$ cat run35.cif   # mmCIF, C-alpha atoms
data_input
loop_
_atom_site.label_atom_id
_atom_site.label_comp_id
_atom_site.auth_asym_id
_atom_site.auth_seq_id
_atom_site.Cartn_x
_atom_site.Cartn_y
_atom_site.Cartn_z
CA MET A 1 96.95 104.02 97.17
CA ASP A 2 96.77 100.94 94.92
CA ILE A 3 99.93 99.53 96.51
CA LEU A 4 98.50 100.10 100.00
CA ALA A 5 95.24 98.42 98.94
CA THR A 6 97.15 95.39 97.64
CA LEU A 7 99.22 95.13 100.84
CA TRP A 8 96.00 95.57 102.82
CA ASP A 9 94.38 92.64 101.00
CA ARG A 10 97.30 90.40 102.01
CA ALA A 11 97.07 91.36 105.69
CA VAL A 12 93.37 91.85 106.41
CA LEU A 13 92.33 88.25 107.16
CA THR A 14 95.51 87.18 108.95
CA SER A 15 96.51 87.04 112.60
CA TYR A 16 98.79 89.95 111.75
CA PHE A 17 95.84 92.30 111.26
CA ASP A 18 95.56 93.24 114.94
CA ASN A 19 98.98 94.87 114.59
CA VAL A 20 97.62 97.14 111.87
CA ARG A 21 94.94 98.39 114.26
CA LYS A 22 97.48 98.82 117.06
CA PHE A 23 99.69 100.98 114.84
CA LEU A 24 96.81 103.14 113.56
CA LYS A 25 95.49 103.77 117.08
CA ILE A 26 98.78 105.58 117.76
CA ILE A 27 97.56 108.42 115.54
CA SER A 28 93.90 108.32 116.55
CA GLU A 29 92.54 106.64 119.67
CA ASN A 30 89.13 106.80 117.96
CA PHE A 31 90.30 104.57 115.11
CA GLU A 32 87.98 101.59 114.66
CA ASP A 33 88.49 100.22 111.18
CA ILE A 34 89.72 100.85 107.67
CA ALA A 35 88.64 99.52 104.30
CA PHE A 36 89.73 100.08 100.73
CA VAL A 37 86.77 100.74 98.44
CA LYS A 38 86.35 101.58 94.77
CA VAL A 39 85.68 105.20 93.95
CA ASN A 40 83.99 106.02 90.63
CA ASN A 41 84.62 102.42 89.51
CA ILE A 42 88.22 103.40 88.81
CA GLU A 43 90.53 102.99 91.79
CA ARG A 44 90.40 101.92 95.40
CA THR A 45 90.87 104.42 98.17
CA GLY A 46 91.19 104.05 101.92
CA MET A 47 88.21 104.89 104.12
CA VAL A 48 88.56 105.11 107.89
CA LYS A 49 85.88 104.57 110.54
CA LEU A 50 86.33 106.55 113.74
CA ALA A 51 84.36 105.86 116.93
CA ASN A 52 83.20 109.46 117.27
CA LEU A 53 81.80 109.77 113.72
CA ASP A 54 78.74 108.15 112.14
CA GLY A 55 80.25 107.49 108.73
CA PRO A 56 83.69 106.80 107.26
CA ILE A 57 86.13 109.49 106.18
CA PRO A 58 88.84 109.28 103.50
CA LEU A 59 92.23 108.02 104.68
CA ASN A 60 93.83 111.07 103.08
CA GLY A 61 91.73 113.23 105.41
CA MET A 62 93.46 111.72 108.44
CA GLY A 63 96.78 113.45 107.74
CA ASP A 64 100.23 112.32 106.73
CA GLY A 65 100.86 110.46 110.00
CA MET A 66 98.05 107.96 109.48
CA LEU A 67 99.13 107.33 105.88
CA ARG A 68 102.79 106.93 106.89
CA ILE A 69 101.98 104.49 109.69
CA LEU A 70 99.82 102.45 107.34
CA GLN A 71 102.70 102.34 104.84
CA LEU A 72 105.09 101.17 107.57
CA VAL A 73 102.87 98.51 109.12
CA LEU A 74 101.70 97.08 105.80
CA GLY A 75 105.29 97.07 104.53
CA ILE A 76 106.50 95.03 107.48
CA PHE A 77 104.22 92.04 106.87
CA PRO A 78 105.59 91.01 103.42
CA ALA A 79 109.17 91.38 104.70
CA ARG A 80 108.77 88.30 106.93
CA ASN A 81 112.02 86.30 107.20
CA GLY A 82 113.88 89.01 105.30
CA PHE A 83 114.62 92.67 105.64
CA LEU A 84 112.76 95.98 105.48
CA LEU A 85 114.17 99.26 104.19
CA ILE A 86 112.62 102.46 105.53
CA ASP A 87 113.79 105.71 103.95
CA GLU A 88 113.43 108.86 106.06
CA PHE A 89 111.58 107.09 108.86
CA GLU A 90 110.26 110.30 110.39
CA ASN A 91 108.46 111.61 107.27
CA GLY A 92 104.87 112.46 108.19
CA LEU A 93 105.34 111.40 111.82
CA HIS A 94 105.20 113.84 114.71
CA PHE A 95 108.09 113.35 117.12
CA SER A 96 105.64 112.53 119.93
CA VAL A 97 104.60 109.22 118.30
CA GLN A 98 107.97 108.04 116.97
CA LYS A 99 108.99 106.17 120.14
CA GLN A 100 105.73 104.16 120.12
CA ILE A 101 106.17 103.32 116.45
CA TRP A 102 109.79 102.23 116.93
CA LYS A 103 108.68 100.05 119.85
CA LEU A 104 106.09 98.28 117.69
CA ILE A 105 108.58 97.92 114.84
CA PHE A 106 111.04 96.24 117.22
CA GLU A 107 108.28 93.84 118.37
CA LEU A 108 107.10 92.99 114.86
CA ALA A 109 110.62 92.65 113.50
CA SER A 110 111.32 90.12 116.23
CA ASP A 111 108.03 88.24 115.71
CA LEU A 112 108.40 88.14 111.92
CA ASN A 113 112.19 87.60 111.80
CA ILE A 114 112.91 90.86 109.96
CA GLN A 115 116.06 92.93 109.91
CA VAL A 116 115.14 96.62 109.62
CA PHE A 117 117.30 99.30 108.03
CA ALA A 118 116.09 102.90 108.35
CA THR A 119 117.53 106.26 107.35
CA THR A 120 116.99 109.61 109.00
CA HIS A 121 118.40 113.10 109.39
CA SER A 122 116.20 113.76 112.41
CA TRP A 123 117.55 114.08 115.94
CA ASP A 124 114.05 113.31 117.32
CA CYS A 125 113.99 110.07 115.32
CA ILE A 126 117.44 109.04 116.61
CA GLU A 127 116.40 109.78 120.17
CA ALA A 128 113.11 107.83 119.79
CA PHE A 129 115.03 104.92 118.22
CA SER A 130 117.49 104.95 121.13
CA ILE A 131 114.72 104.85 123.75
CA ALA A 132 112.83 102.05 121.99
CA ALA A 133 116.04 100.09 121.40
CA ASN A 134 116.93 100.22 125.09
CA GLN A 135 113.47 98.99 126.02
CA SER A 136 113.83 96.05 123.64
CA ASP A 137 115.78 92.82 124.02
CA GLU A 138 116.62 92.96 120.31
CA GLU A 139 119.98 94.03 118.97
CA ALA A 140 120.01 97.59 117.63
CA VAL A 141 122.77 99.73 116.15
CA LEU A 142 123.06 103.14 114.57
CA PHE A 143 125.50 103.78 111.77
CA ARG A 144 126.65 107.35 111.23
CA ILE A 145 128.01 107.84 107.73
CA GLY A 146 130.28 110.82 107.15
CA LYS A 147 133.60 112.12 105.96
CA SER A 148 136.69 111.35 108.02
CA VAL A 149 138.25 114.31 109.83
CA VAL A 150 141.65 112.61 109.96
CA PRO A 151 143.92 114.59 107.59
CA ASN A 152 145.67 111.55 106.07
CA ASP A 153 142.29 109.91 105.17
CA LYS A 154 141.72 112.60 102.52
CA GLY A 155 138.02 112.97 103.33
CA LYS A 156 137.29 109.25 102.99
CA THR A 157 133.69 108.23 103.77
CA ILE A 158 133.54 106.23 106.99
CA ALA A 159 130.86 104.59 109.14
CA THR A 160 130.83 104.97 112.90
CA VAL A 161 128.86 102.27 114.72
CA PHE A 162 126.94 102.93 117.94
CA ASP A 163 125.39 100.02 119.83
CA LYS A 164 122.22 100.77 121.77
CA ASN A 165 124.06 101.36 125.06
CA SER A 166 126.54 103.85 123.64
CA LEU A 167 123.76 105.46 121.58
CA HIS A 168 121.68 105.95 124.73
CA ASN A 169 124.60 107.62 126.51
CA LEU A 170 125.25 109.90 123.54
CA THR A 171 121.61 110.93 123.11
CA GLN A 172 121.37 111.71 126.83
CA SER A 173 124.43 113.95 126.45
CA ASP A 174 123.04 115.67 123.31
CA VAL A 175 126.08 114.63 121.26
CA GLU A 176 125.49 115.41 117.56
CA LEU A 177 125.18 112.13 115.63
CA ARG A 178 123.50 113.20 112.40
#
$ encode --input "run35.cif" --output "structure tokens"
Amino acid sequence: MDILATLWDRAVLTSYFDNVRKFLKIISENFEDIAFVKVNNIERTGMVKLANLDGPIPLNGMGDGMLRILQLVLGIFPARNGFLLIDEFENGLHFSVQKQIWKLIFELASDLNIQVFATTHSWDCIEAFSIAANQSDEEAVLFRIGKSVVPNDKGKTIATVFDKNSLHNLTQSDVELR
């Protein structure tokens, strides 16, 4: 939570902050605001204001999806003009929101000049990535890492590259890529 609070402090008074709200509204349309406050004079914790409630509720009470999205969106901002590594993209995210999140990541990566590398074992995540990639003008590729099936390669680890067009065709055909 301390890391999120520090990243929050860097983003809160910037033009980038509207993107934070846009991401968090994916999980809850009632999302209005978030703040990091001290609890028991020891550490800061996230508190969320929802339109349908009078007072704030703890960020942790919003579920893993809200926390994961906040981690992603606040991690993007400091990666400006560099790269962002996302391990197990789908963790904490329901498949129904992954396409929207990928779409926003494509937009922000373009705006902030970021190259994004993400890992997954999830078919839903690959499919959401493919859809968002095809709706974007940005370049997007999927690398499948695995052992070669060619007998004379002796099980050598190889990477197969799929551009967004071939990836779209394969996901539409339910070809196993994981």
$ closest_residue --input "run35.cif" --among "A:Leu167, A:Cys125, A:Val12, A:Ile34" --to "Leu67 (chain A)" --atoms "only C-alpha atoms"
A:Ile34
$ closest_residue --input "run35.cif" --among "A:Ser110, A:Gln115, A:Ser28, A:Asn41" --to "Asp137 (chain A)" --atoms "only C-alpha atoms"
A:Ser110
$ resolve_selection --input "run35.cif" --expression "the PyMOL selection byres ((chain A and resi 86) around 7)" --output "MDAnalysis selection string"
chainID A and resid 84:85 87:89 117:119
$ closest_residue --input "run35.cif" --among "A:Met62, A:Ile126, A:Leu72, A:Leu53" --to "Trp8 (chain A)" --atoms "all atoms listed in the file"
A:Leu72
$ residues_around --input "run35.cif" --residues "Val20 (chain A)" --least-positions-apart "4" --cutoff "8 Å" --atoms "all atoms listed in the file" --output "list of chain:residue names"
A:Tyr16, A:Leu24, A:Leu70, A:Val73, A:Leu74
$ write_last_selection --input "run35.cif" --atoms "C-alpha atoms" --output "JSON list (two decimals), in the coordinates of the input"
[["chain", "number", "residue", "atom", "x", "y", "z"],
["A", 16, "TYR", "CA", 98.79, 89.95, 111.75],
["A", 24, "LEU", "CA", 96.81, 103.14, 113.56],
["A", 70, "LEU", "CA", 99.82, 102.45, 107.34],
["A", 73, "VAL", "CA", 102.87, 98.51, 109.12],
["A", 74, "LEU", "CA", 101.70, 97.08, 105.80]]
$ resolve_selection --input "run35.cif" --expression "the PyMOL selection byres ((chain A and resi 114) around 9)" --output "VMD selection string"
chain A and resid 76 79 to 84 108 to 113 115 to 116
$ atom_distance --input "run35.cif" --atom1 "CA of Met1 (chain A)" --atom2 "CA of Ile105 (chain A)"
22.0 Å
$ atom_distance --input "run35.cif" --atom1 "CA of Asp64 (chain A)" --atom2 "CA of Leu7 (chain A)"
18.2 Å
$ closest_residue --input "run35.cif" --among "A:Ser148, A:Ser15, A:Ser136, A:Asn91" --to "Leu104 (chain A)" --atoms "all atoms listed in the file"
A:Ser136
$ closest_residue --input "run35.cif" --among "A:Pro78, A:Ile69, A:Ala5, A:Thr171" --to "Arg44 (chain A)" --atoms "all atoms listed in the file"
A:Ala5
$ atom_distance --input "run35.cif" --atom1 "CA of His168 (chain A)" --atom2 "CA of Val97 (chain A)"
18.5 Å
$ residues_around --input "run35.cif" --residues "Glu43 (chain A)" --least-positions-apart "2" --cutoff "12 Å" --atoms "only C-alpha atoms" --output "MDAnalysis selection string"
chainID A and resid 1:6 36:41 45:46
$ decode --input "run35.cif" --residues "region 84-96 of chain A" --atoms "all heavy atoms" --output "PDB file, in the first residue's frame"
ATOM      1  N   LEU A  84       7.384  -0.951 -19.526  1.00  0.00           N
ATOM      2  CA  LEU A  84       6.619  -1.418 -18.381  1.00  0.00           C
ATOM      3  C   LEU A  84       6.526  -2.926 -18.453  1.00  0.00           C
ATOM      4  O   LEU A  84       6.171  -3.479 -19.499  1.00  0.00           O
ATOM      5  CB  LEU A  84       5.220  -0.801 -18.396  1.00  0.00           C
ATOM      6  CG  LEU A  84       4.248  -1.259 -17.314  1.00  0.00           C
ATOM      7  CD1 LEU A  84       4.723  -0.787 -15.935  1.00  0.00           C
ATOM      8  CD2 LEU A  84       2.851  -0.742 -17.600  1.00  0.00           C
ATOM      9  N   LEU A  85       6.842  -3.601 -17.363  1.00  0.00           N
ATOM     10  CA  LEU A  85       6.718  -5.046 -17.263  1.00  0.00           C
ATOM     11  C   LEU A  85       5.507  -5.372 -16.403  1.00  0.00           C
ATOM     12  O   LEU A  85       5.388  -4.877 -15.282  1.00  0.00           O
ATOM     13  CB  LEU A  85       7.975  -5.662 -16.636  1.00  0.00           C
ATOM     14  CG  LEU A  85       9.298  -5.338 -17.305  1.00  0.00           C
ATOM     15  CD1 LEU A  85      10.448  -5.920 -16.503  1.00  0.00           C
ATOM     16  CD2 LEU A  85       9.320  -5.853 -18.734  1.00  0.00           C
ATOM     17  N   ILE A  86       4.611  -6.204 -16.936  1.00  0.00           N
ATOM     18  CA  ILE A  86       3.418  -6.619 -16.201  1.00  0.00           C
ATOM     19  C   ILE A  86       3.435  -8.141 -16.128  1.00  0.00           C
ATOM     20  O   ILE A  86       3.309  -8.816 -17.151  1.00  0.00           O
ATOM     21  CB  ILE A  86       2.123  -6.157 -16.893  1.00  0.00           C
ATOM     22  CG1 ILE A  86       2.109  -4.649 -17.099  1.00  0.00           C
ATOM     23  CG2 ILE A  86       0.909  -6.611 -16.089  1.00  0.00           C
ATOM     24  CD1 ILE A  86       0.958  -4.154 -17.978  1.00  0.00           C
ATOM     25  N   ASP A  87       3.582  -8.673 -14.920  1.00  0.00           N
ATOM     26  CA  ASP A  87       3.596 -10.119 -14.738  1.00  0.00           C
ATOM     27  C   ASP A  87       2.179 -10.611 -14.450  1.00  0.00           C
ATOM     28  O   ASP A  87       1.481 -10.032 -13.613  1.00  0.00           O
ATOM     29  CB  ASP A  87       4.533 -10.487 -13.587  1.00  0.00           C
ATOM     30  CG  ASP A  87       4.768 -11.990 -13.490  1.00  0.00           C
ATOM     31  OD1 ASP A  87       4.715 -12.679 -14.535  1.00  0.00           O
ATOM     32  OD2 ASP A  87       5.007 -12.473 -12.373  1.00  0.00           O
ATOM     33  N   GLU A  88       1.779 -11.652 -15.162  1.00  0.00           N
ATOM     34  CA  GLU A  88       0.441 -12.231 -14.982  1.00  0.00           C
ATOM     35  C   GLU A  88      -0.639 -11.148 -15.026  1.00  0.00           C
ATOM     36  O   GLU A  88      -1.346 -10.907 -14.062  1.00  0.00           O
ATOM     37  CB  GLU A  88       0.371 -13.032 -13.679  1.00  0.00           C
ATOM     38  CG  GLU A  88       1.307 -14.226 -13.650  1.00  0.00           C
ATOM     39  CD  GLU A  88       0.940 -15.339 -14.612  1.00  0.00           C
ATOM     40  OE1 GLU A  88      -0.243 -15.456 -15.013  1.00  0.00           O
ATOM     41  OE2 GLU A  88       1.854 -16.095 -15.002  1.00  0.00           O
ATOM     42  N   PHE A  89      -0.743 -10.523 -16.175  1.00  0.00           N
ATOM     43  CA  PHE A  89      -1.657  -9.401 -16.398  1.00  0.00           C
ATOM     44  C   PHE A  89      -3.032  -9.633 -15.793  1.00  0.00           C
ATOM     45  O   PHE A  89      -3.620  -8.742 -15.189  1.00  0.00           O
ATOM     46  CB  PHE A  89      -1.789  -9.151 -17.910  1.00  0.00           C
ATOM     47  CG  PHE A  89      -2.796  -8.106 -18.267  1.00  0.00           C
ATOM     48  CD1 PHE A  89      -2.415  -6.781 -18.352  1.00  0.00           C
ATOM     49  CD2 PHE A  89      -4.123  -8.435 -18.507  1.00  0.00           C
ATOM     50  CE1 PHE A  89      -3.344  -5.802 -18.673  1.00  0.00           C
ATOM     51  CE2 PHE A  89      -5.052  -7.467 -18.838  1.00  0.00           C
ATOM     52  CZ  PHE A  89      -4.666  -6.143 -18.919  1.00  0.00           C
ATOM     53  N   GLU A  90      -3.564 -10.825 -15.956  1.00  0.00           N
ATOM     54  CA  GLU A  90      -4.958 -11.100 -15.607  1.00  0.00           C
ATOM     55  C   GLU A  90      -5.221 -11.247 -14.109  1.00  0.00           C
ATOM     56  O   GLU A  90      -6.383 -11.281 -13.690  1.00  0.00           O
ATOM     57  CB  GLU A  90      -5.430 -12.374 -16.321  1.00  0.00           C
ATOM     58  CG  GLU A  90      -4.847 -13.672 -15.781  1.00  0.00           C
ATOM     59  CD  GLU A  90      -3.409 -13.953 -16.198  1.00  0.00           C
ATOM     60  OE1 GLU A  90      -2.832 -13.210 -16.995  1.00  0.00           O
ATOM     61  OE2 GLU A  90      -2.863 -14.943 -15.696  1.00  0.00           O
ATOM     62  N   ASN A  91      -4.188 -11.312 -13.280  1.00  0.00           N
ATOM     63  CA  ASN A  91      -4.398 -11.513 -11.839  1.00  0.00           C
ATOM     64  C   ASN A  91      -5.343 -10.470 -11.259  1.00  0.00           C
ATOM     65  O   ASN A  91      -5.115  -9.274 -11.378  1.00  0.00           O
ATOM     66  CB  ASN A  91      -3.073 -11.474 -11.079  1.00  0.00           C
ATOM     67  CG  ASN A  91      -2.316 -12.779 -11.181  1.00  0.00           C
ATOM     68  OD1 ASN A  91      -2.811 -13.765 -11.718  1.00  0.00           O
ATOM     69  ND2 ASN A  91      -1.106 -12.785 -10.675  1.00  0.00           N
ATOM     70  N   GLY A  92      -6.408 -10.938 -10.635  1.00  0.00           N
ATOM     71  CA  GLY A  92      -7.377 -10.062  -9.986  1.00  0.00           C
ATOM     72  C   GLY A  92      -8.382  -9.424 -10.926  1.00  0.00           C
ATOM     73  O   GLY A  92      -9.263  -8.707 -10.478  1.00  0.00           O
ATOM     74  N   LEU A  93      -8.249  -9.689 -12.230  1.00  0.00           N
ATOM     75  CA  LEU A  93      -9.134  -9.039 -13.207  1.00  0.00           C
ATOM     76  C   LEU A  93     -10.101 -10.050 -13.823  1.00  0.00           C
ATOM     77  O   LEU A  93      -9.680 -11.054 -14.402  1.00  0.00           O
ATOM     78  CB  LEU A  93      -8.307  -8.400 -14.325  1.00  0.00           C
ATOM     79  CG  LEU A  93      -7.333  -7.319 -13.891  1.00  0.00           C
ATOM     80  CD1 LEU A  93      -6.490  -6.875 -15.077  1.00  0.00           C
ATOM     81  CD2 LEU A  93      -8.078  -6.141 -13.277  1.00  0.00           C
ATOM     82  N   HIS A  94     -11.377  -9.772 -13.715  1.00  0.00           N
ATOM     83  CA  HIS A  94     -12.380 -10.603 -14.367  1.00  0.00           C
ATOM     84  C   HIS A  94     -12.210 -10.479 -15.877  1.00  0.00           C
ATOM     85  O   HIS A  94     -11.883  -9.399 -16.390  1.00  0.00           O
ATOM     86  CB  HIS A  94     -13.781 -10.136 -13.945  1.00  0.00           C
ATOM     87  CG  HIS A  94     -14.856 -11.096 -14.291  1.00  0.00           C
ATOM     88  ND1 HIS A  94     -15.567 -11.010 -15.465  1.00  0.00           N
ATOM     89  CD2 HIS A  94     -15.322 -12.189 -13.627  1.00  0.00           C
ATOM     90  CE1 HIS A  94     -16.452 -11.993 -15.509  1.00  0.00           C
ATOM     91  NE2 HIS A  94     -16.328 -12.726 -14.416  1.00  0.00           N
ATOM     92  N   PHE A  95     -12.451 -11.572 -16.587  1.00  0.00           N
ATOM     93  CA  PHE A  95     -12.250 -11.552 -18.043  1.00  0.00           C
ATOM     94  C   PHE A  95     -13.089 -10.487 -18.730  1.00  0.00           C
ATOM     95  O   PHE A  95     -12.701  -9.950 -19.766  1.00  0.00           O
ATOM     96  CB  PHE A  95     -12.512 -12.933 -18.661  1.00  0.00           C
ATOM     97  CG  PHE A  95     -13.957 -13.350 -18.665  1.00  0.00           C
ATOM     98  CD1 PHE A  95     -14.778 -13.029 -19.741  1.00  0.00           C
ATOM     99  CD2 PHE A  95     -14.501 -14.068 -17.612  1.00  0.00           C
ATOM    100  CE1 PHE A  95     -16.110 -13.407 -19.758  1.00  0.00           C
ATOM    101  CE2 PHE A  95     -15.832 -14.460 -17.621  1.00  0.00           C
ATOM    102  CZ  PHE A  95     -16.636 -14.118 -18.695  1.00  0.00           C
ATOM    103  N   SER A  96     -14.228 -10.126 -18.144  1.00  0.00           N
ATOM    104  CA  SER A  96     -15.136  -9.165 -18.789  1.00  0.00           C
ATOM    105  C   SER A  96     -14.569  -7.743 -18.849  1.00  0.00           C
ATOM    106  O   SER A  96     -15.055  -6.926 -19.628  1.00  0.00           O
ATOM    107  CB  SER A  96     -16.486  -9.156 -18.066  1.00  0.00           C
ATOM    108  OG  SER A  96     -16.319  -8.713 -16.730  1.00  0.00           O
TER     109      SER A  96
END
